[in-house]
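Enquirer: So that you have it, the file is data29.cif, and it contains mmCIF, C-alpha atoms:
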data_target
loop_
_atom_site.label_atom_id
_atom_site.label_comp_id
_atom_site.auth_asym_id
_atom_site.auth_seq_id
_atom_site.Cartn_x
_atom_site.Cartn_y
_atom_site.Cartn_z
CA MET A 1 28.60 75.78 -11.80
CA TYR A 2 25.76 74.54 -9.66
CA ASN A 3 24.05 72.89 -12.65
CA MET A 4 27.20 71.05 -13.74
CA HIS A 5 27.66 69.65 -10.26
CA ASN A 6 24.05 68.50 -10.15
CA THR A 7 24.33 66.68 -13.54
CA GLN A 8 27.46 64.81 -12.48
CA ARG A 9 25.66 63.48 -9.41
CA ALA A 10 22.79 62.20 -11.53
CA GLN A 11 25.18 60.39 -13.86
CA ALA A 12 26.89 58.75 -10.93
CA ALA A 13 23.53 57.50 -9.61
CA VAL A 14 22.66 55.88 -12.98
CA ALA A 15 26.07 54.21 -13.15
CA ASP A 16 25.51 52.84 -9.63
CA LEU A 17 22.08 51.65 -10.67
CA PHE A 18 23.43 49.68 -13.62
CA ILE A 19 26.16 48.12 -11.50
CA GLY A 20 23.46 47.13 -9.00
CA ILE A 21 21.24 45.70 -11.73
CA PHE A 22 24.17 43.78 -13.18
CA LEU A 23 25.01 42.24 -9.80
CA PHE A 24 21.37 41.48 -9.16
CA LEU A 25 21.08 39.75 -12.55
CA ILE A 26 24.03 37.53 -11.68
CA VAL A 27 22.41 36.54 -8.37
CA PHE A 28 19.03 36.10 -10.08
CA ALA A 29 20.54 33.89 -12.82
CA ALA A 30 22.24 31.77 -10.14
CA MET A 31 18.93 31.42 -8.32
CA MET A 32 17.17 30.35 -11.52
CA ALA A 33 19.90 27.80 -12.23
CA MET A 34 19.54 26.40 -8.71
CA TRP A 35 15.77 26.30 -9.14
CA ASN A 36 16.04 24.34 -12.38
CA THR A 37 18.54 21.93 -10.82
CA SER A 38 16.21 21.37 -7.86
CA ALA A 39 13.24 20.83 -10.19
CA ALA A 40 15.23 18.27 -12.20
CA ARG A 41 16.24 16.48 -8.98
CA LEU A 42 12.65 16.43 -7.80
CA SER A 43 11.53 14.98 -11.12
CA ASP A 44 14.23 12.28 -10.89
CA ASP A 45 13.19 11.55 -7.32
CA VAL A 46 9.54 11.14 -8.31
CA ALA A 47 10.51 8.83 -11.19
CA TYR A 48 12.73 6.82 -8.86
CA ARG A 49 9.99 6.38 -6.26
CA GLU A 50 7.57 5.29 -8.97
CA MET A 51 10.07 2.71 -10.18
CA GLN A 52 10.65 1.61 -6.58
CA GLN A 53 6.93 1.08 -6.09
CA HIS A 54 6.73 -1.02 -9.28
CA ALA A 55 9.73 -3.10 -8.19
CA PHE A 56 8.29 -3.83 -4.73
CA GLN A 57 4.87 -4.73 -6.11
CA ILE A 58 6.26 -7.05 -8.77
CA ALA A 59 8.74 -8.75 -6.43
CA ASP A 60 6.01 -9.37 -3.86
CA PHE A 61 3.64 -10.62 -6.51
CA LEU A 62 6.23 -13.02 -7.94
CA VAL A 63 7.04 -14.67 -4.61
CA LYS A 64 3.65 -14.54 -2.88
CA HIS A 65 1.14 -15.30 -5.60
CA PRO A 66 0.74 -18.22 -8.05
CA GLY A 67 -0.36 -15.83 -10.80
CA ILE A 68 -3.52 -15.03 -12.70
CA PRO A 69 -4.93 -17.49 -13.60
CA GLY A 70 -3.60 -19.77 -10.90
CA GLN A 71 -2.52 -22.43 -13.40
CA TRP A 72 -1.24 -20.02 -15.99
CA LYS A 73 0.49 -20.97 -19.20
CA ALA A 74 2.33 -18.84 -21.71
CA ASP A 75 -0.79 -18.48 -23.86
CA ASN A 76 -3.28 -17.50 -21.15
CA VAL A 77 -1.26 -15.65 -18.52
CA THR A 78 -2.58 -12.33 -17.25
CA ILE A 79 -0.01 -11.79 -14.49
CA ALA A 80 2.66 -14.36 -13.80
CA GLY A 81 3.31 -15.37 -10.21
CA LEU A 82 5.87 -17.97 -9.27
CA GLY A 83 4.59 -19.53 -6.10
CA ARG A 84 2.90 -18.89 -2.81
CA ASP A 85 4.24 -17.62 0.48
CA ARG A 86 7.78 -17.30 -0.89
CA GLU A 87 7.91 -20.92 -2.02
CA LEU A 88 8.63 -20.91 -5.74
CA ASP A 89 7.18 -23.50 -8.06
CA ALA A 90 10.01 -24.78 -10.33
CA ALA A 91 7.55 -25.46 -13.16
CA LYS A 92 6.31 -21.86 -13.03
CA VAL A 93 9.85 -20.54 -12.92
CA ALA A 94 10.54 -22.54 -16.11
CA LEU A 95 7.38 -21.13 -17.70
CA PHE A 96 8.36 -17.62 -16.62
CA LEU A 97 11.77 -17.99 -18.26
CA ASN A 98 10.09 -18.89 -21.55
CA LEU A 99 7.74 -15.89 -21.65
CA SER A 100 8.57 -13.27 -24.25
CA GLU A 101 10.02 -9.92 -23.21
CA GLN A 102 6.86 -8.18 -24.42
CA GLN A 103 4.70 -10.47 -22.28
CA VAL A 104 6.73 -9.78 -19.15
CA LEU A 105 6.88 -6.01 -19.69
CA GLY A 106 3.20 -5.87 -20.59
CA MET A 107 1.78 -7.98 -17.77
CA TYR A 108 3.58 -5.95 -15.10
CA ARG A 109 3.00 -2.64 -16.92
CA ILE A 110 6.67 -1.76 -16.96
CA GLN A 111 7.09 -0.99 -20.65
CA SER A 112 8.95 2.20 -19.80
CA TYR A 113 11.62 0.30 -17.87
CA ASN A 114 14.17 -2.41 -18.44
CA TYR A 115 14.52 -5.21 -15.96
CA SER A 116 16.67 -8.08 -14.85
CA TRP A 117 15.45 -11.01 -12.79
CA GLN A 118 17.55 -13.74 -11.30
CA LEU A 119 17.53 -16.51 -8.77
CA GLU A 120 20.67 -16.99 -6.74
CA SER A 121 21.67 -19.71 -4.36
CA ALA A 122 22.29 -18.74 -0.74
CA ALA A 123 26.01 -18.78 -1.59
CA GLY A 124 25.46 -16.22 -4.36
CA ALA A 125 25.73 -18.44 -7.46
CA VAL A 126 23.27 -17.50 -10.20
CA LEU A 127 20.79 -20.37 -10.68
CA THR A 128 18.73 -18.84 -13.43
CA ALA A 129 18.12 -15.39 -14.86
CA ARG A 130 16.33 -13.36 -17.48
CA GLY A 131 16.31 -9.75 -18.62
CA PHE A 132 19.28 -7.45 -19.04
CA PRO A 133 21.74 -6.19 -16.40
CA SER A 134 21.35 -2.56 -15.41
CA GLN A 135 23.04 -0.06 -17.73
CA GLY A 136 20.90 2.97 -16.93
CA ASN A 137 21.09 6.05 -14.77
CA GLN A 138 18.52 4.87 -12.26
CA SER A 139 17.90 1.39 -10.95
CA VAL A 140 15.98 -0.23 -8.12
CA SER A 141 16.92 -3.68 -6.95
CA VAL A 142 14.64 -5.72 -4.70
CA THR A 143 15.67 -9.04 -3.17
CA ARG A 144 13.46 -11.64 -1.55
CA VAL A 145 14.54 -14.79 0.25
CA VAL A 146 12.58 -17.72 -1.17
CA MET A 147 12.50 -21.49 -1.22
CA TYR A 148 13.36 -22.93 -4.62
CA ASN A 149 13.64 -26.68 -5.17
CA GLU A 150 13.36 -27.00 -1.39
CA THR A 151 16.49 -24.99 -0.74
CA PRO A 152 16.81 -21.35 0.31
CA ALA A 153 17.50 -19.01 -2.57
CA ILE A 154 17.47 -15.29 -3.27
CA MET A 155 15.25 -13.77 -5.92
CA ARG A 156 16.59 -10.47 -7.21
CA LEU A 157 14.51 -8.14 -9.36
CA THR A 158 16.08 -4.99 -10.79
CA LEU A 159 14.19 -2.29 -12.67
CA TRP A 160 16.30 0.28 -14.47
CA GLN A 161 16.06 3.09 -16.98
CA MET B 162 14.25 74.28 -11.24
CA LYS B 163 14.75 72.26 -8.07
CA GLY B 164 11.33 70.70 -8.47
CA GLN B 165 12.18 69.23 -11.90
CA VAL B 166 13.37 65.65 -12.27
CA SER B 167 16.29 64.78 -14.54
CA ILE B 168 15.88 62.50 -17.57
CA GLU B 169 18.38 60.08 -16.06
CA PHE B 170 16.30 59.81 -12.90
CA MET B 171 13.14 59.15 -14.88
CA PHE B 172 14.95 56.54 -16.95
CA ALA B 173 16.31 54.88 -13.81
CA ILE B 174 12.85 54.75 -12.24
CA GLY B 175 11.41 53.30 -15.47
CA VAL B 176 14.05 50.62 -15.65
CA MET B 177 13.52 49.73 -12.00
CA VAL B 178 9.75 49.48 -12.44
CA LEU B 179 10.18 47.22 -15.46
CA PHE B 180 12.73 45.21 -13.57
CA PHE B 181 10.52 44.66 -10.57
CA LEU B 182 7.56 43.84 -12.79
CA GLY B 183 9.71 41.15 -14.42
CA ILE B 184 10.72 39.76 -11.05
CA LEU B 185 7.10 39.82 -9.90
CA ALA B 186 6.04 37.88 -13.01
CA VAL B 187 8.76 35.27 -12.45
CA GLY B 188 7.76 35.05 -8.77
CA ILE B 189 4.09 34.49 -9.63
CA GLN B 190 5.03 31.85 -12.22
CA LYS B 191 7.30 30.01 -9.80
CA GLY B 192 4.63 30.20 -7.08
CA THR B 193 2.15 28.56 -9.45
CA GLU B 194 4.72 25.89 -10.32
CA ILE B 195 5.27 25.16 -6.61
CA ARG B 196 1.52 24.81 -5.97
CA ASP B 197 1.10 22.54 -9.01
CA THR B 198 4.08 20.39 -8.01
CA ARG B 199 2.84 20.07 -4.42
CA LEU B 200 -0.61 19.03 -5.64
CA GLN B 201 0.90 16.53 -8.07
CA LEU B 202 3.13 15.04 -5.35
CA GLU B 203 0.16 14.71 -2.99
CA GLN B 204 -1.89 12.99 -5.68
CA GLU B 205 0.92 10.61 -6.57
CA HIS B 206 1.45 9.82 -2.90
CA VAL B 207 -2.22 8.96 -2.42
CA CYS B 208 -2.16 6.92 -5.64
CA ALA B 209 0.89 4.97 -4.45
CA GLN B 210 -0.77 4.36 -1.07
CA ILE B 211 -3.95 2.94 -2.56
CA ALA B 212 -2.02 0.87 -5.14
CA HIS B 213 0.12 -0.58 -2.37
CA ALA B 214 -2.95 -1.31 -0.22
CA ILE B 215 -4.76 -3.10 -3.06
CA THR B 216 -1.72 -5.18 -4.01
CA GLN B 217 -0.99 -6.15 -0.40
CA ALA B 218 -4.63 -7.01 0.26
CA TYR B 219 -4.71 -9.13 -2.88
CA LEU B 220 -1.48 -10.93 -2.03
CA GLY B 221 -2.51 -11.38 1.61
CA GLY B 222 -5.31 -13.75 0.66
CA GLU B 223 -8.99 -13.84 1.46
CA GLY B 224 -9.99 -11.78 4.47
CA THR B 225 -6.97 -9.51 4.40
CA ALA B 226 -8.16 -5.98 5.09
CA LEU B 227 -6.39 -2.65 5.28
CA ARG B 228 -7.78 0.72 6.23
CA MET B 229 -6.58 4.04 4.96
CA ARG B 230 -7.79 7.59 4.84
CA ALA B 231 -7.90 9.28 1.47
CA GLU B 232 -8.27 13.05 1.50
CA ARG B 233 -8.67 13.10 -2.26
CA THR B 234 -11.15 11.53 -4.64
CA ILE B 235 -9.95 8.11 -5.70
CA THR B 236 -11.15 6.22 -8.74
CA VAL B 237 -10.09 2.59 -8.96
CA ARG B 238 -10.84 0.79 -12.18
CA ASP B 239 -10.88 -2.94 -12.74
CA ASP B 240 -8.28 -2.53 -15.52
CA THR B 241 -5.65 -2.01 -12.76
CA SER B 242 -5.52 1.77 -13.14
CA ILE B 243 -6.03 4.28 -10.33
CA PHE B 244 -6.90 7.95 -10.71
CA VAL B 245 -6.69 10.57 -7.98
CA ASP B 246 -8.79 13.70 -8.58
CA ASP B 247 -9.15 12.36 -12.14
CA VAL B 248 -5.51 13.29 -12.77
CA ALA B 249 -2.71 11.26 -11.22
CA ARG B 250 -2.51 7.74 -12.45
CA CYS B 251 -0.76 4.67 -11.15
CA ARG B 252 -1.41 0.95 -11.27
CA TYR B 253 -1.88 -1.92 -8.90
CA LEU B 254 -1.11 -5.59 -9.35
CA GLY B 255 -4.01 -7.94 -8.74
CA VAL B 256 -7.75 -7.95 -9.27
CA SER B 257 -9.95 -5.27 -7.79
CA ALA B 258 -13.53 -4.15 -8.12
CA GLY B 259 -14.10 -0.58 -9.25
CA PHE B 260 -14.46 2.19 -6.69
CA ASN B 261 -14.97 5.92 -6.61
CA GLY B 262 -14.90 7.90 -3.40
CA THR B 263 -12.94 9.51 -0.61
CA GLY B 264 -12.62 9.43 3.17
CA LEU B 265 -11.88 6.43 5.38
CA LEU B 266 -11.58 3.36 3.17
CA GLU B 267 -11.37 -0.34 3.79
CA VAL B 268 -9.49 -2.37 1.21
CA ARG B 269 -10.53 -6.00 1.65
CA ASN B 270 -9.67 -9.19 -0.15
CA ALA B 271 -13.04 -10.82 -0.77
CA GLY B 272 -11.67 -13.99 -2.31
CA SER B 273 -11.58 -13.58 -6.03
CA GLN B 274 -10.98 -9.84 -5.95
CA VAL B 275 -10.26 -6.87 -3.74
CA VAL B 276 -13.22 -4.75 -2.74
CA ILE B 277 -12.87 -1.14 -1.60
CA ALA B 278 -15.58 0.47 0.47
CA ASN B 279 -16.12 3.48 2.72
CA VAL B 280 -16.29 2.72 6.43
#
For this file, produce the structure as structure tokens.
Expert:
Amino acid sequence: MYNMHNTQRAQAAVADLFIGIFLFLIVFAAMMAMWNTSAARLSDDVAYREMQQHAFQIADFLVKHPGIPGQWKADNVTIAGLGRDRELDAAKVALFLNLSEQQVLGMYRIQSYNYSWQLESAAGAVLTARGFPSQGNQSVSVTRVVMYNETPAIMRLTLWQ
Amino acid sequence: MKGQVSIEFMFAIGVMVLFFLGILAVGIQKGTEIRDTRLQLEQEHVCAQIAHAITQAYLGGEGTALRMRAERTITVRDDTSIFVDDVARCRYLGVSAGFNGTGLLEVRNAGSQVVIANV
């Protein structure tokens, strides 16, 4: 009688253990899922900041620097700049519009992104543009107020992927 | 008889030991991942800082100088690439002389190119 009672208690303890393990596994699986979600978010965040850095650098370069070389043409350009001190050179803008997609992506080292670039009047009308509008999951848009043909304009650069 | 342990009890202990060993292994793996991620983020942050400094110095014109402290070893190459601890890589826009070092740095536009030096 004593032995039977003792065996029943041991069986109950094992059943409790498996219920505990089952509940723990559920919690553990939820924690792992949250971990993976957080890791994916972190990865997206890092990629976004990298894209943001590219966008700021390129936008600043376009509006503040005449380019490398200073009098660049389509066949000798290393990095295209459009003016100096936010004053855009209309001739360089025209040259920039005629560069190939590969040249633009290559000179700014943004082959892993897509981009759109446009000049807008102060009223918001698009004066000129190149690239493709954003269709991706992530995009960074940088605007700079510039002088173009002696009137204020807005240069908008968007990187997306 | 009272000193003997039941088979069920032994089995339960075995399962628990295996279970906790599994959790310990996952914990160690995740801890390593956290350390690696933190190191990578630090390196990318330093890389972004130096890339930004070089680009701004270049765009600022001759004489523009910025100072920054780099706690990690930075390698700047004249092909526009930057390495931090020989691992993280980012790029700057402009023209810069090569550099390898750490500590307090001055990033100066010397006219035709940016020059980085310890100060």
Enquirer: Mind listing as a ChimeraX atom specification which residues of chain B are within 7 Å of chain A, counting all atoms listed in the file?
Expert: /B:169,173,216,220,254
Enquirer: Kindly give the distance, in Å, that separates atom CA of Leu202 of chain B and atom CA of Trp160 of chain A, rounded to a single decimal.
Expert: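 Separation of atom CA of Leu202 of chain B and atom CA of Trp160 of chain A: 21.8 Å.
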Enquirer: Please provide the set of residues having any atom within 9 Å of Gln118 of chain A, restricted to only C-alpha atoms, with same-chain residues fewer than 5 positions apart removed, written as a ChimeraX atom specification.
Expert: /A:126-131,154-158
Enquirer: So that I have them on file, write out the residues from the current selection with C-alpha atoms, as a short mmCIF file (atom, residue, chain, number, x, y, z; two decimals), in the frame of the given file.
Expert:
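Produced file result20.cif, reproduced below:
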data_model
loop_
_atom_site.label_atom_id
_atom_site.label_comp_id
_atom_site.auth_asym_id
_atom_site.auth_seq_id
_atom_site.Cartn_x
_atom_site.Cartn_y
_atom_site.Cartn_z
CA VAL A 126 23.27 -17.50 -10.20
CA LEU A 127 20.79 -20.37 -10.68
CA THR A 128 18.73 -18.84 -13.43
CA ALA A 129 18.12 -15.39 -14.86
CA ARG A 130 16.33 -13.36 -17.48
CA GLY A 131 16.31 -9.75 -18.62
CA ILE A 154 17.47 -15.29 -3.27
CA MET A 155 15.25 -13.77 -5.92
CA ARG A 156 16.59 -10.47 -7.21
CA LEU A 157 14.51 -8.14 -9.36
CA THR A 158 16.08 -4.99 -10.79
#
Enquirer: Given the file shown, enumerate the residues that the PyMOL selection byres ((chain B and resi 238-247) around 10) captures and present them as a PyMOL selection string.
Expert: (chain A and resi 109) or (chain B and resi 201+203-209+211-212+215+231-237+248-263+274-275)
Enquirer: Using Å and a single decimal, report how far atom CA of Ile168 of chain B sits from atom CA of Gly183 of chain B.
Expert: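 About the pair atom CA of Gly183 of chain B and atom CA of Ile168 of chain B: they are 22.4 Å apart.
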Enquirer: Just so the selection is clear, what residues does the PyMOL selection byres ((chain A and resi 135) around 8) cover here, as a list in words?
Expert: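 With the PyMOL selection byres ((chain A and resi 135) around 8) on this model, the match is Pro133, Ser134, Gly136, Asn137, Trp160 and Gln161 of chain A.
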Enquirer: Provide an axis-aligned box for all listed atoms of segment 20-29 of chain A, padding each side by 8 Å; report its centre and its edge lengths in Å to one decimal, as lines of an AutoDock Vina configuration file.
Expert:
center_x = 22.0
center_y = 40.5
center_z = -10.8
size_x = 22.0
size_y = 29.2
size_z = 20.8
Enquirer: Separation of atom CA of Gln52 of chain A and atom CA of Arg228 of chain B, in Å?
Expert: 22.5 Å
Enquirer: Please return, as a short mmCIF file (atom, residue, chain, number, x, y, z; two decimals) with C-alpha atoms, in the coordinates of the input, all polymer residues that have at least one atom within 7 Å of the point (10.5, -13.2, 1.1); use only C-alpha atoms and the file's own coordinate frame.
Expert:
data_model
loop_
_atom_site.label_atom_id
_atom_site.label_comp_id
_atom_site.auth_asym_id
_atom_site.auth_seq_id
_atom_site.Cartn_x
_atom_site.Cartn_y
_atom_site.Cartn_z
CA VAL A 63 7.04 -14.67 -4.61
CA ARG A 86 7.78 -17.30 -0.89
CA ARG A 144 13.46 -11.64 -1.55
CA VAL A 145 14.54 -14.79 0.25
CA VAL A 146 12.58 -17.72 -1.17
#
Enquirer: I need the output of the PyMOL selection byres ((chain B and resi 225) around 12) for this file as a PyMOL selection string; which residues are they?
Expert: chain B and resi 214-224+226-228+267-272+274-277
Enquirer: Can I get the selected residues back with C-alpha atoms, as a PDB file, in the coordinates of the input?
Expert:
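part35.pdb written:
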ATOM      1  CA  ALA B 214      -2.950  -1.310  -0.220  1.00  0.00           C
ATOM      2  CA  ILE B 215      -4.760  -3.100  -3.060  1.00  0.00           C
ATOM      3  CA  THR B 216      -1.720  -5.180  -4.010  1.00  0.00           C
ATOM      4  CA  GLN B 217      -0.990  -6.150  -0.400  1.00  0.00           C
ATOM      5  CA  ALA B 218      -4.630  -7.010   0.260  1.00  0.00           C
ATOM      6  CA  TYR B 219      -4.710  -9.130  -2.880  1.00  0.00           C
ATOM      7  CA  LEU B 220      -1.480 -10.930  -2.030  1.00  0.00           C
ATOM      8  CA  GLY B 221      -2.510 -11.380   1.610  1.00  0.00           C
ATOM      9  CA  GLY B 222      -5.310 -13.750   0.660  1.00  0.00           C
ATOM     10  CA  GLU B 223      -8.990 -13.840   1.460  1.00  0.00           C
ATOM     11  CA  GLY B 224      -9.990 -11.780   4.470  1.00  0.00           C
ATOM     12  CA  ALA B 226      -8.160  -5.980   5.090  1.00  0.00           C
ATOM     13  CA  LEU B 227      -6.390  -2.650   5.280  1.00  0.00           C
ATOM     14  CA  ARG B 228      -7.780   0.720   6.230  1.00  0.00           C
ATOM     15  CA  GLU B 267     -11.370  -0.340   3.790  1.00  0.00           C
ATOM     16  CA  VAL B 268      -9.490  -2.370   1.210  1.00  0.00           C
ATOM     17  CA  ARG B 269     -10.530  -6.000   1.650  1.00  0.00           C
ATOM     18  CA  ASN B 270      -9.670  -9.190  -0.150  1.00  0.00           C
ATOM     19  CA  ALA B 271     -13.040 -10.820  -0.770  1.00  0.00           C
ATOM     20  CA  GLY B 272     -11.670 -13.990  -2.310  1.00  0.00           C
ATOM     21  CA  GLN B 274     -10.980  -9.840  -5.950  1.00  0.00           C
ATOM     22  CA  VAL B 275     -10.260  -6.870  -3.740  1.00  0.00           C
ATOM     23  CA  VAL B 276     -13.220  -4.750  -2.740  1.00  0.00           C
ATOM     24  CA  ILE B 277     -12.870  -1.140  -1.600  1.00  0.00           C
TER      25      ILE B 277
END
Enquirer: Could you pull the residues within 9 Å of Asn149 of chain A, counting all atoms listed in the file, minus those fewer than 6 positions along the same chain, as an mmCIF file with C-alpha atoms, keeping the file's coordinate frame?
Expert:
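What follows is the written file result17.cif:
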data_model
loop_
_atom_site.group_PDB
_atom_site.id
_atom_site.type_symbol
_atom_site.label_atom_id
_atom_site.label_comp_id
_atom_site.auth_asym_id
_atom_site.auth_seq_id
_atom_site.Cartn_x
_atom_site.Cartn_y
_atom_site.Cartn_z
ATOM 1 C CA GLU A 87 7.910 -20.920 -2.020
ATOM 2 C CA LEU A 88 8.630 -20.910 -5.740
ATOM 3 C CA ASP A 89 7.180 -23.500 -8.060
ATOM 4 C CA ALA A 90 10.010 -24.780 -10.330
#
